[in-house]
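Everything below belongs to upload24.txt, which stores compact mmCIF, C-alpha atoms.
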# COMPACT_ATOMS: atom_id res chain seq x y z
CA MET A 1 9.67 -7.60 0.76
CA PRO A 2 10.46 -6.23 4.26
CA TRP A 3 13.72 -4.33 4.47
CA PRO A 4 15.28 -6.77 7.04
CA THR A 5 14.86 -9.51 4.43
CA ARG A 6 16.47 -7.25 1.85
CA VAL A 7 19.46 -6.59 4.14
CA ALA A 8 19.89 -10.34 4.69
CA ALA A 9 19.62 -11.02 0.94
CA ILE A 10 22.51 -8.72 -0.02
CA ASP A 11 25.58 -10.48 -1.35
CA TRP A 12 27.73 -9.33 1.54
CA ALA A 13 30.78 -11.26 0.37
CA GLN A 14 30.75 -9.20 -2.84
CA ALA A 15 30.02 -6.00 -0.93
CA VAL A 16 32.95 -6.59 1.43
CA ASP A 17 35.26 -7.27 -1.51
CA ASP A 18 34.09 -4.09 -3.27
CA LEU A 19 34.65 -2.01 -0.14
CA HIS A 20 38.16 -3.37 0.31
CA THR A 21 39.12 -2.87 -3.34
CA GLN A 22 37.15 0.28 -4.26
CA GLY A 23 36.16 2.00 -1.01
CA HIS A 24 32.46 1.67 -1.87
CA ALA A 25 29.86 -0.98 -2.64
CA VAL A 26 26.39 -0.80 -4.14
CA LEU A 27 23.69 -2.54 -2.08
CA PRO A 28 20.97 -3.12 -4.68
CA GLN A 29 17.27 -2.65 -3.90
CA LEU A 30 17.70 -2.11 -0.19
CA LEU A 31 14.27 -0.42 -0.14
CA ASP A 32 11.28 -0.91 -2.43
CA ALA A 33 9.49 1.89 -4.28
CA ALA A 34 6.76 2.31 -1.65
CA GLN A 35 9.31 2.55 1.17
CA CYS A 36 11.31 5.11 -0.83
CA ALA A 37 8.23 7.23 -1.51
CA ALA A 38 7.19 7.14 2.14
CA LEU A 39 10.62 8.28 3.32
CA ALA A 40 10.87 11.04 0.69
CA ALA A 41 7.42 12.34 1.68
CA LEU A 42 8.69 12.92 5.23
CA TYR A 43 10.68 15.90 3.99
CA ARG A 44 7.52 18.02 3.87
CA ARG A 45 7.09 17.53 7.63
CA ALA A 46 9.75 20.12 8.37
CA GLY A 47 11.01 20.74 11.88
CA PRO A 48 10.30 19.10 15.26
CA PRO A 49 9.48 16.53 16.38
CA LEU A 50 10.61 14.57 13.30
CA PHE A 51 13.66 16.71 12.44
CA ARG A 52 16.10 18.52 14.73
CA SER A 53 17.52 20.98 12.18
CA ARG A 54 17.36 22.06 8.54
CA VAL A 55 20.45 23.08 6.54
CA VAL A 56 20.29 25.20 3.39
CA MET A 57 23.56 24.29 1.68
CA GLN A 58 24.12 27.62 -0.09
CA ARG A 59 24.30 29.47 3.23
CA HIS A 60 27.33 27.43 4.30
CA GLY A 61 29.11 26.98 0.96
CA PHE A 62 28.15 23.30 0.86
CA GLY A 63 26.50 23.51 -2.56
CA LEU A 64 22.85 24.08 -3.52
CA GLY A 65 19.92 22.15 -2.06
CA GLU A 66 18.97 21.38 1.50
CA TYR A 67 18.74 18.62 4.06
CA GLN A 68 17.22 17.90 7.45
CA TYR A 69 18.69 15.89 10.32
CA PHE A 70 16.28 13.50 12.01
CA SER A 71 15.58 13.77 15.72
CA TYR A 72 15.56 10.89 18.18
CA PRO A 73 13.61 8.67 18.11
CA LEU A 74 14.50 8.01 14.49
CA PRO A 75 11.80 6.76 12.08
CA ASP A 76 11.53 2.98 12.37
CA VAL A 77 13.03 2.22 8.96
CA VAL A 78 15.98 4.58 9.50
CA ALA A 79 16.71 3.24 12.99
CA GLY A 80 16.29 -0.33 11.77
CA LEU A 81 18.65 0.12 8.83
CA ARG A 82 21.23 1.76 11.09
CA ASP A 83 21.14 -1.21 13.47
CA ALA A 84 21.02 -3.87 10.73
CA LEU A 85 23.78 -2.47 8.51
CA TYR A 86 26.26 -1.66 11.27
CA PRO A 87 27.16 -5.30 12.16
CA GLN A 88 27.83 -6.03 8.48
CA LEU A 89 30.21 -3.05 8.24
CA GLN A 90 31.85 -3.28 11.68
CA PRO A 91 34.36 -6.04 10.74
CA ILE A 92 35.45 -3.95 7.73
CA ALA A 93 35.91 -0.89 9.93
CA ASN A 94 38.12 -2.83 12.35
CA HIS A 95 40.08 -4.39 9.49
CA TRP A 96 40.73 -0.96 7.95
CA ASN A 97 41.93 0.52 11.24
CA THR A 98 44.27 -2.43 11.78
CA ALA A 99 45.69 -2.02 8.27
CA MET A 100 46.20 1.74 8.79
CA GLY A 101 47.80 1.29 12.21
CA LEU A 102 44.96 2.99 14.07
CA ALA A 103 44.21 1.80 17.61
CA VAL A 104 40.45 2.43 17.60
CA ARG A 105 38.23 -0.65 17.43
CA TYR A 106 34.45 -0.73 17.06
CA PRO A 107 32.12 -2.87 19.21
CA ALA A 108 29.90 -5.53 17.65
CA ARG A 109 26.65 -3.75 18.57
CA HIS A 110 25.70 -0.35 17.22
CA ALA A 111 24.08 0.56 20.55
CA ASP A 112 27.45 0.15 22.25
CA PHE A 113 29.15 2.42 19.73
CA ILE A 114 26.43 5.06 20.15
CA ALA A 115 26.95 4.84 23.92
CA ARG A 116 30.63 5.63 23.28
CA CYS A 117 29.64 8.67 21.21
CA HIS A 118 27.20 9.91 23.84
CA ALA A 119 29.73 9.50 26.65
CA ALA A 120 32.02 11.83 24.68
CA GLY A 121 29.29 14.45 24.25
CA GLN A 122 28.27 13.43 20.72
CA LEU A 123 24.54 13.37 21.44
CA ARG A 124 22.86 14.63 18.26
CA PRO A 125 21.57 12.09 15.70
CA THR A 126 23.14 12.32 12.25
CA PRO A 127 20.86 10.34 9.87
CA LEU A 128 19.44 12.84 7.40
CA LEU A 129 17.07 13.36 4.51
CA LEU A 130 18.36 15.36 1.53
CA GLN A 131 16.36 17.19 -1.13
CA TYR A 132 17.71 18.54 -4.44
CA GLY A 133 15.94 20.46 -7.21
CA PRO A 134 17.06 21.70 -10.64
CA GLY A 135 20.56 23.19 -10.45
CA ASP A 136 21.26 21.79 -6.99
CA TYR A 137 24.43 19.88 -6.11
CA ASN A 138 26.45 18.80 -3.07
CA CYS A 139 30.14 19.74 -2.87
CA LEU A 140 32.70 17.05 -2.13
CA HIS A 141 32.92 16.60 1.63
CA GLN A 142 33.34 14.23 4.59
CA ASP A 143 30.73 13.70 7.31
CA LEU A 144 32.89 14.10 10.42
CA TYR A 145 31.00 15.25 13.50
CA GLY A 146 33.34 14.76 16.45
CA GLU A 147 36.12 12.65 17.93
CA HIS A 148 34.32 9.33 17.40
CA VAL A 149 33.76 8.55 13.73
CA PHE A 150 32.60 5.25 12.26
CA PRO A 151 34.58 4.93 9.01
CA LEU A 152 31.72 3.83 6.73
CA GLN A 153 28.30 5.22 5.95
CA VAL A 154 25.37 4.42 3.66
CA ALA A 155 23.22 6.56 1.35
CA VAL A 156 19.94 5.29 -0.15
CA LEU A 157 18.57 6.88 -3.32
CA LEU A 158 14.82 7.43 -2.86
CA SER A 159 14.05 8.82 -6.34
CA GLU A 160 14.21 7.16 -9.75
CA PRO A 161 16.80 8.55 -12.19
CA GLY A 162 15.34 9.45 -15.57
CA ARG A 163 11.81 9.59 -14.19
CA ASP A 164 11.98 11.80 -11.08
CA PHE A 165 15.20 13.65 -11.94
CA THR A 166 18.11 13.84 -14.37
CA GLY A 167 21.75 14.48 -13.49
CA GLY A 168 22.43 14.26 -9.77
CA GLU A 169 24.97 11.42 -9.88
CA PHE A 170 26.65 10.20 -6.69
CA VAL A 171 30.37 11.00 -6.93
CA LEU A 172 33.37 9.75 -4.93
CA THR A 173 36.94 11.02 -5.06
CA GLU A 174 40.07 9.36 -3.77
CA GLN A 175 43.17 11.45 -2.93
CA ARG A 176 46.24 9.24 -3.10
CA PRO A 177 49.58 10.39 -1.62
CA ARG A 178 51.72 12.32 -4.13
CA MET A 179 49.24 11.52 -6.91
CA GLN A 180 46.31 13.25 -8.56
CA SER A 181 42.79 12.55 -7.26
CA ARG A 182 40.69 9.79 -8.79
CA ALA A 183 36.94 10.37 -9.29
CA GLU A 184 34.23 7.76 -9.69
CA VAL A 185 30.53 8.12 -10.49
CA VAL A 186 28.41 5.43 -8.81
CA PRO A 187 25.24 4.61 -10.79
CA LEU A 188 22.19 3.99 -8.60
CA ARG A 189 18.51 3.21 -9.16
CA GLN A 190 15.63 3.97 -6.83
CA GLY A 191 16.03 1.92 -3.65
CA ASP A 192 19.71 1.18 -4.23
CA ALA A 193 22.15 2.10 -1.49
CA VAL A 194 25.85 2.80 -1.60
CA ALA A 195 28.13 2.01 1.34
CA PHE A 196 31.34 4.04 1.27
CA ALA A 197 34.30 5.31 3.24
CA VAL A 198 33.63 8.40 5.33
CA HIS A 199 37.17 9.74 5.68
CA HIS A 200 39.99 7.43 4.58
CA ARG A 201 40.69 3.81 3.76
CA PRO A 202 43.75 1.56 3.38
CA VAL A 203 45.14 0.65 -0.02
CA GLN A 204 47.83 -1.93 -0.63
CA GLY A 205 50.72 -0.50 -2.62
CA THR A 206 54.05 -1.86 -3.81
CA ARG A 207 55.74 -0.61 -0.63
CA GLY A 208 53.02 -1.66 1.80
CA THR A 209 49.70 -0.24 2.92
CA TYR A 210 49.02 3.47 2.57
CA ARG A 211 46.05 5.67 3.46
CA VAL A 212 43.87 7.41 0.87
CA ASN A 213 41.57 10.30 1.65
CA MET A 214 37.95 9.95 0.47
CA ARG A 215 35.29 12.57 -0.27
CA HIS A 216 31.79 12.27 -1.66
CA GLY A 217 29.19 14.55 -3.23
CA VAL A 218 26.39 14.83 -5.78
CA SER A 219 26.71 16.32 -9.27
CA ARG A 220 24.30 19.00 -10.50
CA VAL A 221 20.67 17.97 -10.82
CA ARG A 222 19.51 19.01 -14.28
CA SER A 223 15.76 18.52 -13.86
CA GLY A 224 13.21 17.18 -11.39
CA GLN A 225 13.66 16.44 -7.70
CA ARG A 226 16.05 14.03 -6.00
CA HIS A 227 15.73 12.66 -2.44
CA THR A 228 18.27 10.62 -0.53
CA VAL A 229 18.43 9.29 3.02
CA GLY A 230 21.86 9.19 4.63
CA ILE A 231 22.66 6.60 7.30
CA ILE A 232 25.61 7.82 9.38
CA PHE A 233 26.57 5.57 12.28
CA HIS A 234 28.19 8.09 14.65
CA ASP A 235 26.36 10.95 16.35
CA ALA A 236 27.40 14.61 16.39
CA GLU A 237 28.71 17.00 19.02
For this file, write the structure as C-alpha cells.
Amino acid sequence: MPWPTRVAAIDWAQAVDDLHTQGHAVLPQLLDAAQCAALAALYRRAGPPLFRSRVVMQRHGFGLGEYQYFSYPLPDVVAGLRDALYPQLQPIANHWNTAMGLAVRYPARHADFIARCHAAGQLRPTPLLLQYGPGDYNCLHQDLYGEHVFPLQVAVLLSEPGRDFTGGEFVLTEQRPRMQSRAEVVPLRQGDAVAFAVHHRPVQGTRGTYRVNMRHGVSRVRSGQRHTVGIIFHDAE
C-alpha cells in the first residue's frame, strides 16, 4: 500500500485524542517492510549529497549510537511524509498554543511554515536517520533548533523488535510542575510511527491548564541493530 494511502487510513480522531490526553500517539503501519528496509539501507550512503552531517552521540554526551541529517532535497518518502503529516498535526499545535497562552500560530501548509523558518535563518533540514547497535542508547532530550519550533514531531521505527534488535524501547518523560517526572515506554513494531510533543504540552488540572515539559529518548539496545527515521517539521539554524 502506498504511504499516502496509509496516512489517509490512520484513525486521526483517535490519534488526536491520544495526543491531547497523553502527549503522544502511535500511528500504526505508516510504512511497510519494504519501505522500512529501503530507508534503513540509506544509512550506508554516508555524507553528501544525501546527508549534510553525521553525529556520533558519544562525542557530544547525547548517548551512544549515531545519526545523519538529510540534505535538501529530502528523499521522496521523507519529504512526502513531512508534507502529509503536518496538516494533520497543525490544528493540534495551534490548539496547544492557545491553551498555553502562546501567541504563535502555525500556517495550514508546511511549505509556508518552512518559509517562516528560512526567513529567520533556520535553513538546514532536520529530518534524520538514526542507527543503534548493541549497547547504544539515546539520552532524554528535546529537538529544538532555533526560534521557530513546531511543537510535534514523528519517529518511524524501521527495524523489527525481537528480530532485528532487542531492547531499544522508545521512552517519553513528562515533567509536571512541583511533581516528580512520569515516564512512559511506547511499544512499536516495524513501520509504526509515534507522534509526540517536542518541548511542552498543555494539561488540564483542577486549577486550570498548566504546561508540562516533555523529553524523549531510546533505552539501551541489547542486541542487533535498530534504525529509525525522525520527521521534524522545523529546520535548524
With distances taken over only C-alpha atoms, which residue among A:His118, A:His60, A:Arg207, A:Arg163 lies nearest Arg189 (chain A)?
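Going through A:His118, A:His60, A:Arg207, A:Arg163 one by one, the smallest distance to Arg189 (chain A) is for A:Arg163.
Using all atoms listed in the file for every distance, the candidate list A:Arg105, A:Arg182, A:Arg6, A:Arg201 yields A:Arg6 as the residue closest to Pro28 (chain A).
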Go through A:Pro127, A:Gly23, A:Gly133, A:Gly121 one by one, measure the shortest atom-to-atom distance of each to Ser71 (chain A) using only C-alpha atoms, and give the residue with the smallest value.
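The answer is A:Pro127, which sits nearest to Ser71 (chain A).
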Skip Gly162 (chain A) itself and residues of its chain fewer than 2 positions away, then list as a PDB file with C-alpha atoms, in the frame of the given file all residues within 10 Å of it, counting only C-alpha atoms.
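Just written: around_34.pdb:
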ATOM      1  CA  SER A 159      14.050   8.820  -6.340  1.00  0.00           C
ATOM      2  CA  GLU A 160      14.210   7.160  -9.750  1.00  0.00           C
ATOM      3  CA  ASP A 164      11.980  11.800 -11.080  1.00  0.00           C
ATOM      4  CA  PHE A 165      15.200  13.650 -11.940  1.00  0.00           C
ATOM      5  CA  THR A 166      18.110  13.840 -14.370  1.00  0.00           C
ATOM      6  CA  GLY A 167      21.750  14.480 -13.490  1.00  0.00           C
ATOM      7  CA  ARG A 189      18.510   3.210  -9.160  1.00  0.00           C
ATOM      8  CA  SER A 223      15.760  18.520 -13.860  1.00  0.00           C
ATOM      9  CA  GLY A 224      13.210  17.180 -11.390  1.00  0.00           C
TER      10      GLY A 224
END
Skipping near chain neighbours, those fewer than 5 positions away, what residues fall within 10 Å of Arg52 (chain A) using all atoms listed in the file, listed as a PyMOL selection string?
chain A and resi 46-47+68-72+124-126+128
Expected file: the selected residues, C-alpha atoms, as a tab-separated table (two decimals), in the frame of the given file:
chain	number	residue	atom	x	y	z
A	46	ALA	CA	9.75	20.12	8.37
A	47	GLY	CA	11.01	20.74	11.88
A	68	GLN	CA	17.22	17.90	7.45
A	69	TYR	CA	18.69	15.89	10.32
A	70	PHE	CA	16.28	13.50	12.01
A	71	SER	CA	15.58	13.77	15.72
A	72	TYR	CA	15.56	10.89	18.18
A	124	ARG	CA	22.86	14.63	18.26
A	125	PRO	CA	21.57	12.09	15.70
A	126	THR	CA	23.14	12.32	12.25
A	128	LEU	CA	19.44	12.84	7.40
Using all atoms listed in the file, pick whichever of A:Ile10, A:Met214, A:Val77, A:Leu19 has the shortest atom-to-atom distance to Ile231 (chain A).
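Residue with the minimum atom-to-atom distance to Ile231 (chain A): A:Val77.
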For region 86-93 of chain A, list every protein, DNA or RNA residue within 7 Å, evaluated using all atoms listed in the file, and leave out those in the same chain fewer than 6 positions away; present the list as a PDB file with C-alpha atoms, in the frame of the given file.
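File selection_39.pdb, as written:
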ATOM      1  CA  TYR A 106      34.450  -0.730  17.060  1.00  0.00           C
ATOM      2  CA  ALA A 108      29.900  -5.530  17.650  1.00  0.00           C
ATOM      3  CA  ARG A 109      26.650  -3.750  18.570  1.00  0.00           C
ATOM      4  CA  HIS A 110      25.700  -0.350  17.220  1.00  0.00           C
ATOM      5  CA  PRO A 151      34.580   4.930   9.010  1.00  0.00           C
TER       6      PRO A 151
END
Can you take the partial region 8-19 of chain A, add N, CA and C atoms, and return it as an mmCIF file, keeping the file's coordinate frame?
data_model
loop_
_atom_site.group_PDB
_atom_site.id
_atom_site.type_symbol
_atom_site.label_atom_id
_atom_site.label_comp_id
_atom_site.auth_asym_id
_atom_site.auth_seq_id
_atom_site.Cartn_x
_atom_site.Cartn_y
_atom_site.Cartn_z
ATOM 1 N N ALA A 8 19.349 -8.984 4.600
ATOM 2 C CA ALA A 8 19.890 -10.340 4.690
ATOM 3 C C ALA A 8 20.203 -10.914 3.304
ATOM 4 N N ALA A 9 19.457 -10.454 2.280
ATOM 5 C CA ALA A 9 19.620 -11.020 0.940
ATOM 6 C C ALA A 9 20.784 -10.411 0.163
ATOM 7 N N ILE A 10 21.372 -9.343 0.673
ATOM 8 C CA ILE A 10 22.510 -8.720 -0.020
ATOM 9 C C ILE A 10 23.687 -9.688 -0.091
ATOM 10 N N ASP A 11 24.369 -9.680 -1.191
ATOM 11 C CA ASP A 11 25.580 -10.480 -1.350
ATOM 12 C C ASP A 11 26.703 -9.766 -0.589
ATOM 13 N N TRP A 12 26.781 -10.054 0.704
ATOM 14 C CA TRP A 12 27.730 -9.330 1.540
ATOM 15 C C TRP A 12 29.170 -9.698 1.236
ATOM 16 N N ALA A 13 29.410 -10.905 0.755
ATOM 17 C CA ALA A 13 30.780 -11.260 0.370
ATOM 18 C C ALA A 13 31.264 -10.348 -0.759
ATOM 19 N N GLN A 14 30.390 -10.105 -1.745
ATOM 20 C CA GLN A 14 30.750 -9.200 -2.840
ATOM 21 C C GLN A 14 30.886 -7.770 -2.344
ATOM 22 N N ALA A 15 29.971 -7.362 -1.459
ATOM 23 C CA ALA A 15 30.020 -6.000 -0.930
ATOM 24 C C ALA A 15 31.319 -5.760 -0.152
ATOM 25 N N VAL A 16 31.704 -6.719 0.658
ATOM 26 C CA VAL A 16 32.950 -6.590 1.430
ATOM 27 C C VAL A 16 34.139 -6.485 0.479
ATOM 28 N N ASP A 17 34.161 -7.322 -0.549
ATOM 29 C CA ASP A 17 35.260 -7.270 -1.510
ATOM 30 C C ASP A 17 35.306 -5.922 -2.221
ATOM 31 N N ASP A 18 34.145 -5.390 -2.602
ATOM 32 C CA ASP A 18 34.090 -4.090 -3.270
ATOM 33 C C ASP A 18 34.593 -2.974 -2.345
ATOM 34 N N LEU A 19 34.200 -3.034 -1.079
ATOM 35 C CA LEU A 19 34.650 -2.010 -0.140
ATOM 36 C C LEU A 19 36.167 -2.058 0.047
#
